[in-house]
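Asks: I'm passing along run_37.txt; it holds compact mmCIF, C-alpha atoms and all ligand atoms.
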```txt
# COMPACT_ATOMS: atom_id res chain seq x y z
CA MET A 1 0.00 0.00 0.00
CA LEU A 2 2.73 2.40 1.03
CA ASP A 3 4.75 1.44 -2.02
CA LYS A 4 1.78 2.01 -4.22
CA MET A 5 1.25 5.46 -2.77
CA LYS A 6 4.87 6.29 -3.33
CA ILE A 7 4.61 5.30 -6.95
CA TRP A 8 1.44 7.33 -7.31
CA LYS A 9 3.04 10.35 -5.66
CA ASN A 10 6.06 10.21 -7.92
CA LYS A 11 4.02 9.81 -11.05
CA PRO A 12 4.73 12.87 -13.17
CA THR A 13 1.75 15.10 -13.89
CA SER A 14 0.89 15.34 -17.55
CA SER A 15 2.42 18.81 -17.83
CA ASP A 16 5.82 17.39 -16.83
CA ASP A 17 5.84 14.97 -19.75
CA ASN A 18 7.15 15.86 -23.12
CA LEU A 19 4.90 17.07 -25.87
CA GLU A 20 5.10 14.00 -28.08
CA GLU A 21 4.05 11.73 -25.23
CA ARG A 22 1.19 13.98 -24.27
CA LYS A 23 -0.02 14.10 -27.87
CA THR A 24 -0.14 10.32 -28.13
CA ARG A 25 -1.99 10.11 -24.83
CA LEU A 26 -4.91 12.23 -26.11
CA LYS A 27 -8.06 10.22 -26.79
CA GLU A 28 -8.43 10.23 -30.55
CA GLN A 29 -12.21 9.85 -30.51
CA PHE A 30 -12.55 12.95 -28.29
CA ILE A 31 -10.46 15.42 -30.24
CA PRO A 32 -12.59 18.59 -30.56
CA ASN A 33 -13.92 18.87 -34.10
CA HIS A 34 -13.98 22.64 -34.10
CA VAL A 35 -11.61 24.79 -32.05
CA ALA A 36 -12.01 28.58 -31.97
CA ILE A 37 -9.31 30.87 -30.63
CA ILE A 38 -9.43 34.51 -29.55
CA MET A 39 -5.78 35.31 -30.14
CA ASP A 40 -5.26 38.13 -27.67
CA GLY A 41 -2.33 39.85 -26.00
CA ASN A 42 -0.07 40.77 -28.92
CA GLY A 43 0.12 44.42 -27.86
CA ARG A 44 1.01 43.60 -24.26
CA TRP A 45 3.61 41.07 -25.41
CA ALA A 46 5.32 43.83 -27.40
CA LYS A 47 4.97 46.40 -24.63
CA LYS A 48 6.72 44.09 -22.17
CA ARG A 49 9.69 44.09 -24.54
CA ALA A 50 9.55 47.84 -25.23
CA LEU A 51 8.65 47.06 -28.85
CA PRO A 52 5.91 48.66 -30.97
CA ARG A 53 2.54 46.86 -30.74
CA VAL A 54 2.85 45.66 -34.33
CA ALA A 55 5.91 43.59 -33.37
CA GLY A 56 3.52 41.56 -31.24
CA HIS A 57 1.18 41.02 -34.19
CA HIS A 58 4.10 39.90 -36.32
CA GLU A 59 5.25 37.42 -33.70
CA GLY A 60 1.69 36.18 -33.30
CA MET A 61 1.61 35.21 -36.96
CA LYS A 62 4.28 32.56 -36.39
CA VAL A 63 2.16 31.09 -33.62
CA VAL A 64 -0.77 30.82 -36.03
CA ARG A 65 1.42 28.71 -38.28
CA LYS A 66 2.54 26.44 -35.44
CA ILE A 67 -0.93 25.90 -33.99
CA THR A 68 -2.48 25.26 -37.41
CA LYS A 69 0.02 22.51 -38.06
CA LEU A 70 -0.57 20.93 -34.65
CA ALA A 71 -4.38 21.14 -34.85
CA ASN A 72 -4.29 19.47 -38.25
CA GLU A 73 -1.99 16.78 -36.95
CA LEU A 74 -4.28 16.07 -33.98
CA GLY A 75 -7.28 15.66 -36.27
CA VAL A 76 -9.13 18.89 -35.50
CA LYS A 77 -11.49 19.52 -38.43
CA THR A 78 -11.94 23.29 -38.15
CA LEU A 79 -9.76 25.93 -36.55
CA THR A 80 -11.40 29.36 -36.36
CA LEU A 81 -9.05 32.20 -35.49
CA TYR A 82 -10.28 35.64 -34.43
CA ALA A 83 -7.86 37.89 -36.27
CA PHE A 84 -9.70 41.21 -36.49
CA SER A 85 -13.02 42.30 -35.01
CA THR A 86 -15.52 44.80 -36.38
CA GLU A 87 -14.49 46.95 -33.39
CA ASN A 88 -10.75 46.81 -34.11
CA TRP A 89 -11.09 49.65 -36.65
CA LYS A 90 -11.00 51.93 -33.58
CA ARG A 91 -7.24 51.35 -33.34
CA PRO A 92 -4.61 53.77 -34.70
CA LYS A 93 -4.48 53.74 -38.49
CA MET A 94 -0.89 52.57 -38.52
CA GLU A 95 -1.79 49.48 -36.50
CA VAL A 96 -4.87 48.73 -38.59
CA ASP A 97 -2.81 49.07 -41.79
CA PHE A 98 -0.25 46.65 -40.39
CA LEU A 99 -2.93 44.13 -39.41
CA MET A 100 -4.44 44.35 -42.91
CA LYS A 101 -1.07 43.45 -44.41
CA LEU A 102 -0.57 40.40 -42.20
CA PRO A 103 -2.76 37.98 -44.20
CA GLU A 104 -0.63 38.65 -47.29
CA GLU A 105 2.55 38.13 -45.38
CA PHE A 106 1.25 35.04 -43.63
CA LEU A 107 -0.07 33.43 -46.81
CA GLY A 108 2.91 34.63 -48.86
CA THR A 109 5.18 32.75 -46.49
CA PHE A 110 3.10 29.74 -45.50
CA LEU A 111 0.57 29.00 -48.26
CA PRO A 112 2.79 26.37 -49.95
CA GLU A 113 3.07 24.52 -46.64
CA LEU A 114 -0.66 24.78 -46.01
CA VAL A 115 -1.32 23.36 -49.49
CA GLU A 116 1.09 20.54 -48.81
CA GLU A 117 -0.64 19.78 -45.51
CA ASN A 118 -4.04 19.61 -47.21
CA VAL A 119 -5.37 22.65 -45.27
CA ARG A 120 -8.34 24.57 -46.69
CA VAL A 121 -8.30 28.31 -46.06
CA GLU A 122 -11.62 30.03 -45.34
CA MET A 123 -12.63 33.44 -44.11
CA MET A 124 -15.65 34.82 -42.28
CA GLY A 125 -16.29 38.51 -41.82
CA TYR A 126 -17.39 41.64 -43.64
CA LYS A 127 -15.45 41.65 -46.88
CA GLU A 128 -16.76 45.00 -48.19
CA SER A 129 -14.65 47.16 -45.89
CA LEU A 130 -11.43 45.16 -46.21
CA PRO A 131 -8.69 46.62 -48.44
CA PRO A 132 -8.43 44.92 -51.88
CA HIS A 133 -4.89 43.71 -51.18
CA THR A 134 -6.06 41.86 -48.05
CA LEU A 135 -9.08 40.34 -49.77
CA GLY A 136 -6.98 39.42 -52.80
CA ALA A 137 -4.47 37.45 -50.74
CA ILE A 138 -7.19 35.56 -48.91
CA GLY A 139 -9.19 34.98 -52.08
CA ARG A 140 -6.16 33.46 -53.80
CA ALA A 141 -5.48 31.21 -50.82
CA MET A 142 -9.11 30.09 -50.72
CA GLU A 143 -9.04 29.33 -54.42
CA GLU A 144 -5.77 27.46 -54.22
CA THR A 145 -6.89 25.31 -51.30
CA LYS A 146 -10.58 24.83 -52.16
CA ASP A 147 -10.22 21.12 -52.98
CA ASN A 148 -8.23 20.28 -49.85
CA ASP A 149 -10.09 18.17 -47.34
CA GLY A 150 -7.84 18.40 -44.28
CA LEU A 151 -8.18 21.05 -41.59
CA VAL A 152 -10.33 24.09 -42.39
CA LEU A 153 -8.38 27.16 -41.31
CA ASN A 154 -11.11 29.75 -40.88
CA PHE A 155 -9.97 33.34 -40.33
CA ALA A 156 -12.46 35.62 -38.60
CA LEU A 157 -11.45 38.88 -40.20
CA ASN A 158 -13.55 42.00 -39.73
CA TYR A 159 -15.94 39.70 -37.91
CA GLY A 160 -18.53 40.73 -35.34
CA SER A 161 -21.13 38.42 -33.95
CA ARG A 162 -23.95 40.89 -33.32
CA ALA A 163 -23.71 42.17 -36.89
CA GLU A 164 -23.63 38.57 -38.12
CA ILE A 165 -26.81 37.71 -36.21
CA LEU A 166 -28.57 40.84 -37.47
CA GLU A 167 -27.59 40.00 -41.05
CA ALA A 168 -28.93 36.50 -40.54
CA VAL A 169 -32.25 37.88 -39.27
CA LYS A 170 -32.48 40.12 -42.33
CA GLY A 171 -31.71 37.15 -44.58
CA VAL A 172 -34.46 35.13 -42.92
CA LEU A 173 -36.96 37.99 -43.31
CA ASN A 174 -36.07 38.41 -46.98
CA ASP A 175 -36.41 34.72 -47.71
CA CYS A 176 -39.75 34.59 -45.90
CA LYS A 177 -40.98 37.56 -47.92
CA SER A 178 -39.91 36.06 -51.22
CA GLY A 179 -41.34 32.65 -50.30
CA ILE A 180 -38.00 30.77 -50.26
CA LEU A 181 -38.52 30.08 -46.56
CA ASN A 182 -41.66 29.31 -44.66
CA GLU A 183 -41.78 30.82 -41.16
CA GLU A 184 -43.01 27.50 -39.73
CA ASN A 185 -39.85 25.79 -40.95
CA LEU A 186 -37.49 28.20 -39.24
CA ASN A 187 -35.60 26.37 -36.50
CA GLU A 188 -32.11 26.55 -34.98
CA ASP A 189 -30.52 24.46 -37.73
CA VAL A 190 -32.10 26.51 -40.49
CA PHE A 191 -31.11 29.76 -38.75
CA SER A 192 -27.52 28.52 -38.39
CA ASN A 193 -27.32 28.33 -42.16
CA TYR A 194 -27.80 32.09 -42.35
CA LEU A 195 -24.70 32.67 -40.22
CA MET A 196 -21.16 33.02 -41.53
CA THR A 197 -20.26 29.65 -39.99
CA LYS A 198 -22.69 27.87 -42.32
CA GLY A 199 -21.46 24.33 -42.81
CA LEU A 200 -18.67 24.60 -40.22
CA GLY A 201 -20.62 23.61 -37.11
CA ASP A 202 -20.32 25.12 -33.65
CA PRO A 203 -16.97 25.19 -31.83
CA ASP A 204 -16.43 22.42 -29.28
CA LEU A 205 -13.60 24.30 -27.60
CA LEU A 206 -12.94 28.04 -27.25
CA ILE A 207 -9.52 29.27 -26.21
CA ARG A 208 -8.79 32.87 -25.24
CA THR A 209 -5.29 33.98 -24.39
CA SER A 210 -3.98 36.99 -22.41
CA GLY A 211 -6.12 36.69 -19.28
CA GLU A 212 -9.19 38.50 -20.59
CA ILE A 213 -12.34 36.63 -19.62
CA ARG A 214 -14.81 37.88 -22.20
CA LEU A 215 -16.05 37.10 -25.69
CA SER A 216 -15.54 40.50 -27.34
CA ASN A 217 -18.37 39.95 -29.82
CA PHE A 218 -17.16 36.53 -30.97
CA MET A 219 -19.52 33.76 -32.13
CA LEU A 220 -22.29 34.52 -29.62
CA TRP A 221 -24.77 32.12 -31.19
CA GLN A 222 -22.27 29.38 -31.97
CA LEU A 223 -20.69 29.23 -28.49
CA ALA A 224 -23.92 28.31 -26.67
CA TYR A 225 -22.58 24.91 -25.54
CA THR A 226 -18.87 25.29 -26.22
CA GLU A 227 -16.28 24.46 -23.55
CA PHE A 228 -14.20 27.54 -22.63
CA TRP A 229 -10.52 27.52 -21.73
CA PHE A 230 -8.80 30.74 -20.69
CA THR A 231 -5.11 31.28 -20.13
CA ASP A 232 -3.01 34.25 -19.00
CA VAL A 233 -0.40 33.41 -21.66
CA LEU A 234 -0.10 36.14 -24.30
CA TRP A 235 -0.74 34.96 -27.87
CA PRO A 236 2.88 35.32 -29.11
CA ASP A 237 3.96 33.08 -26.19
CA PHE A 238 1.26 30.49 -26.86
CA SER A 239 2.93 27.16 -27.56
CA GLU A 240 2.05 23.68 -28.75
CA GLU A 241 2.16 22.60 -25.10
CA HIS A 242 -0.54 25.14 -24.26
CA PHE A 243 -2.75 23.91 -27.07
CA VAL A 244 -2.33 20.30 -25.97
CA GLU A 245 -3.11 21.37 -22.41
CA ALA A 246 -6.37 22.95 -23.58
CA VAL A 247 -7.31 19.73 -25.38
CA GLU A 248 -6.40 17.68 -22.30
CA VAL A 249 -8.67 19.85 -20.16
CA PHE A 250 -11.40 19.59 -22.80
CA GLN A 251 -11.14 15.80 -22.73
CA ASN A 252 -11.67 15.83 -18.97
CA ARG A 253 -14.77 17.99 -19.14
CA GLN A 254 -18.24 16.49 -18.96
CA ARG A 255 -20.49 17.97 -21.61
CA ARG A 256 -24.15 17.62 -20.72
CA PHE A 257 -25.96 19.89 -23.19
CA GLY A 258 -28.68 20.34 -20.61
CA GLY A 259 -29.05 16.65 -19.89
CA VAL A 260 -27.94 14.77 -16.79
C1 LIG B 301 -4.83 40.60 -30.35
O1 LIG B 301 -3.89 41.29 -29.63
C2 LIG B 301 -4.78 40.90 -31.82
C3 LIG B 301 -5.89 41.72 -32.32
C4 LIG B 301 -6.90 42.13 -31.63
C5 LIG B 301 -5.82 42.11 -33.70
P1 LIG B 301 -4.14 42.77 -29.12
O2 LIG B 301 -3.62 43.71 -30.14
O3 LIG B 301 -5.54 42.98 -28.73
O4 LIG B 301 -3.20 42.80 -27.85
P2 LIG B 301 -3.51 43.51 -26.47
O5 LIG B 301 -4.82 42.97 -25.98
O6 LIG B 301 -3.56 44.97 -26.72
O7 LIG B 301 -2.37 43.11 -25.60
C1 LIG B 302 -10.65 40.53 -29.57
O1 LIG B 302 -9.59 41.14 -28.93
C2 LIG B 302 -10.43 40.55 -31.05
C3 LIG B 302 -9.32 39.73 -31.55
C4 LIG B 302 -8.56 38.97 -30.86
C5 LIG B 302 -9.12 39.80 -32.96
P1 LIG B 302 -9.62 42.67 -28.48
O2 LIG B 302 -8.29 42.94 -27.88
O3 LIG B 302 -10.05 43.52 -29.61
O4 LIG B 302 -10.77 42.65 -27.39
P2 LIG B 302 -11.09 43.68 -26.22
O5 LIG B 302 -11.13 45.04 -26.81
O6 LIG B 302 -9.98 43.55 -25.21
O7 LIG B 302 -12.40 43.21 -25.66
MG MG B 303 -6.57 42.71 -27.00
```
Translate the structure described by the file into C-alpha cells.

Replies:
Amino acid sequence: MLDKMKIWKNKPTSSDDNLEERKTRLKEQFIPNHVAIIMDGNGRWAKKRALPRVAGHHEGMKVVRKITKLANELGVKTLTLYAFSTENWKRPKMEVDFLMKLPEEFLGTFLPELVEENVRVEMMGYKESLPPHTLGAIGRAMEETKDNDGLVLNFALNYGSRAEILEAVKGVLNDCKSGILNEENLNEDVFSNYLMTKGLGDPDLLIRTSGEIRLSNFMLWQLAYTEFWFTDVLWPDFSEEHFVEAVEVFQNRQRRFGGV
C-alpha cells in the first residue's frame, strides 16, 4: 500500500511529460472537431519588450502557423481564429494598416506549406470594408486550397457576432418575404445556415489567451454549448504545449448539453 502510494506520488503530472508523449496520450475519438481561438495579447507582449505593438502582431503570426500545423496533426477539423473584429477599426491607423497586411505576409510565407498539408483556407467577416490587397491574398489562398479536405483554417477577419446575427435575421426575413422560406420551418438548424459559420458547425472548444475573460463579440450564437478555456499566456507566447493542455482539459470535461 505504502509502495503504491509512493509510486502514485512520484508519477509525473501530464504537464511534466514531453509534448510527443502527451499528444499520443490524447483520446483520438474525443479530439474537438472545431476549435475557436481569440488570439489576444499581442500588444502587451510587445509592450513588455519595449517594442511597438505591431511587433507583437508579427510574432503572433508565427504562432498561427505552429498551432495550425498541430491542430491538423491532432485531427481537428476546423480551426477558427479571431484575427480582427468589427471593433478593431478603432485602433490607430498605422496598427490597422499593419494588421491588414498580415494575411498577405502570412499566406505569402506559408501558403505552400498549407497546401502541402491539405489545409483549406476560409474566411468569415465583412469583406466590403477590407482593403483589396487583403481580400486578394485571402481569395487566392481560398481558391488554391478549395479542394483540400484536411483542416479548415477559418480566419475571422472583420468579424462581429452581433452584426452577423442581425444580417442572418435580415436574410431570414427576406427569404420569408420572397417565399424561399416558410416561417413554420425556421428552426435553430435553419437559422444557423444564415450565419457566416454555415457548414462549419459550432466550436467544441474556445480558447482565449492573455487573461481577458470575455467574448468581445465573438460567435455569440455558436458558443452556446462550447467548452471555454482561458489562459493568462499572451498569444505570441502560446505554444504547442498550451494547445495540448487545452485539449487535455477539454477531454476531462463532462459535456451535458442540458441533460444529466
Ligand atoms: C490581439 O492582440 C490581436 C488583435 C486584436 C488584432 P491585441 O492587439 O488585442 O493585444 P492587447 O490585448 O492589446 O495586448
Ligand atoms: C478581440 O480582442 C479581437 C481579436 C482577438 C481579434 P480585443 O483585444 O479587440 O478585445 P477587447 O477590446 O480587449 O475586448
Ligand atoms: Mg486585445

Asks: Mind checking which residues fall within 12 Å of Thr109 in chain A, counting only C-alpha atoms, ignoring those fewer than 4 positions away in the same chain, and posting them as a PDB file with C-alpha atoms, in the coordinates of the input?

Replies:
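Everything below was put into selection.pdb:
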```
ATOM      1  CA  MET A  61       1.610  35.210 -36.960  1.00  0.00           C
ATOM      2  CA  LYS A  62       4.280  32.560 -36.390  1.00  0.00           C
ATOM      3  CA  ARG A  65       1.420  28.710 -38.280  1.00  0.00           C
ATOM      4  CA  LEU A 102      -0.570  40.400 -42.200  1.00  0.00           C
ATOM      5  CA  PRO A 103      -2.760  37.980 -44.200  1.00  0.00           C
ATOM      6  CA  GLU A 104      -0.630  38.650 -47.290  1.00  0.00           C
ATOM      7  CA  GLU A 105       2.550  38.130 -45.380  1.00  0.00           C
ATOM      8  CA  GLU A 113       3.070  24.520 -46.640  1.00  0.00           C
ATOM      9  CA  LEU A 114      -0.660  24.780 -46.010  1.00  0.00           C
ATOM     10  CA  VAL A 115      -1.320  23.360 -49.490  1.00  0.00           C
ATOM     11  CA  ALA A 137      -4.470  37.450 -50.740  1.00  0.00           C
ATOM     12  CA  ALA A 141      -5.480  31.210 -50.820  1.00  0.00           C
TER      13      ALA A 141
END
```

Asks: Which range 57-121 of chain A residues have any atom within 10 Å of an atom of range 189-205 of chain A, and for each, what is the nearest pair of atoms with distance in Å to one decimal, counting all atoms listed in the file, rows sorted by chain and number, as a tab-separated table?

Replies:
```
residue	atom	partner	partner_atom	distance
A:Lys77	CA	A:Leu200	CA	9.0
A:Thr78	CA	A:Leu200	CA	7.2
A:Leu79	CA	A:Pro203	CA	8.6
A:Thr80	CA	A:Pro203	CA	8.3
```

Asks: Once you count only C-alpha atoms and all ligand atoms, what closest atom pair and distance in Å to one decimal does each residue of chain A within 9 Å of ligand LIG 301 (chain B) have, with rows by chain and rising residue number, as CSV?

Replies:
```
residue,atom,partner,partner_atom,distance
A:Ile38,CA,B:LIG301,C1,7.7
A:Met39,CA,B:LIG301,C1,5.4
A:Asp40,CA,B:LIG301,C1,3.7
A:Gly41,CA,B:LIG301,O7,3.3
A:Asn42,CA,B:LIG301,O4,3.9
A:Gly43,CA,B:LIG301,O7,3.6
A:Arg44,CA,B:LIG301,O7,3.7
A:Trp45,CA,B:LIG301,O7,6.3
A:Ala46,CA,B:LIG301,O7,7.9
A:Lys47,CA,B:LIG301,O7,8.1
A:Arg53,CA,B:LIG301,O2,6.9
A:Val54,CA,B:LIG301,O2,8.0
A:Gly56,CA,B:LIG301,O2,7.5
A:His57,CA,B:LIG301,C2,6.4
A:Gly60,CA,B:LIG301,C2,8.1
A:Tyr82,CA,B:LIG301,C3,7.8
A:Ala83,CA,B:LIG301,C5,5.3
A:Phe84,CA,B:LIG301,C5,4.9
A:Ser85,CA,B:LIG301,C4,7.0
A:Asn88,CA,B:LIG301,C4,6.5
A:Glu95,CA,B:LIG301,O2,8.8
A:Val96,CA,B:LIG301,C5,8.3
A:Leu99,CA,B:LIG301,C5,6.7
A:Thr209,CA,B:LIG301,C1,8.9
A:Ser210,CA,B:LIG301,O5,7.0
A:Glu212,CA,B:LIG301,O5,8.3
A:Leu234,CA,B:LIG301,O7,7.4
A:Trp235,CA,B:LIG301,O1,7.3
```

Asks: Could you pull the residues within 9 Å of range 72-76 of chain A, counting all atoms listed in the file, minus those fewer than 3 positions along the same chain, as a list in words?

Replies: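 Near neighbours after the sequence-gap exclusion: Lys23, Leu26, Glu28, Ile31, Pro32, Asn33, His34, Val35, Ile67, Thr68, Lys69, Leu79, Glu117, Asn118, Val119, Gly150, Leu151 and Val152 of chain A.
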
Asks: I'd like to know which of A:Ala168, A:Ala36, A:Met142, A:Leu130 is closest to ligand LIG 302 (chain B), using all atoms listed in the file.

Replies: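 Checking each of A:Ala168, A:Ala36, A:Met142, A:Leu130 against ligand LIG 302 (chain B), counting all atoms listed in the file, the winner is A:Ala36.
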
Asks: Between A:Arg162, A:Arg214, A:His133, A:Lys66, single out the one closest to ligand MG 303 (chain B), counting all atoms listed in the file.

Replies: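 That would be A:Arg214, the residue with the smallest distance to ligand MG 303 (chain B).
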
Asks: Would you work out the distance separating CA of Asn18 in chain A from CA of Glu248 in chain A, expressed in Å to one decimal?

Replies: 13.7 Å

Asks: Any idea what the distance is between CA of Gly125 in chain A and atom O1 of ligand LIG 302 (chain B)?

Replies: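 That distance, rounded to one decimal, is 14.8 Å.
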
Asks: What is the distance, in Å and to one decimal place, between CA of Met94 in chain A and CA of Ile207 in chain A?

Replies: 27.7 Å

Asks: If we count only C-alpha atoms, what is near Asn154 in chain A at a cut-off of 7 Å, once residues fewer than 4 positions away on the same chain are taken out, given as a list of chain:residue names?

Replies: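 Counting only the stated atoms, we get A:Leu79, A:Thr80, A:Leu81, A:Val121, A:Glu122, A:Met123, A:Met124.
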
Asks: Find, counting only C-alpha atoms and all ligand atoms, the residue in A:Asn187, A:Asn252, A:Thr145, A:Ser216 that gets nearest to ligand MG 303 (chain B).

Replies: A:Ser216

Asks: Calculated over all atoms listed in the file, which of the candidates A:Phe30, A:Phe110, A:Phe218, A:Tyr225 has the smallest distance to Gly259 in chain A?

Replies: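 Looking at the shortest contact to Gly259 in chain A, the residue is A:Tyr225.
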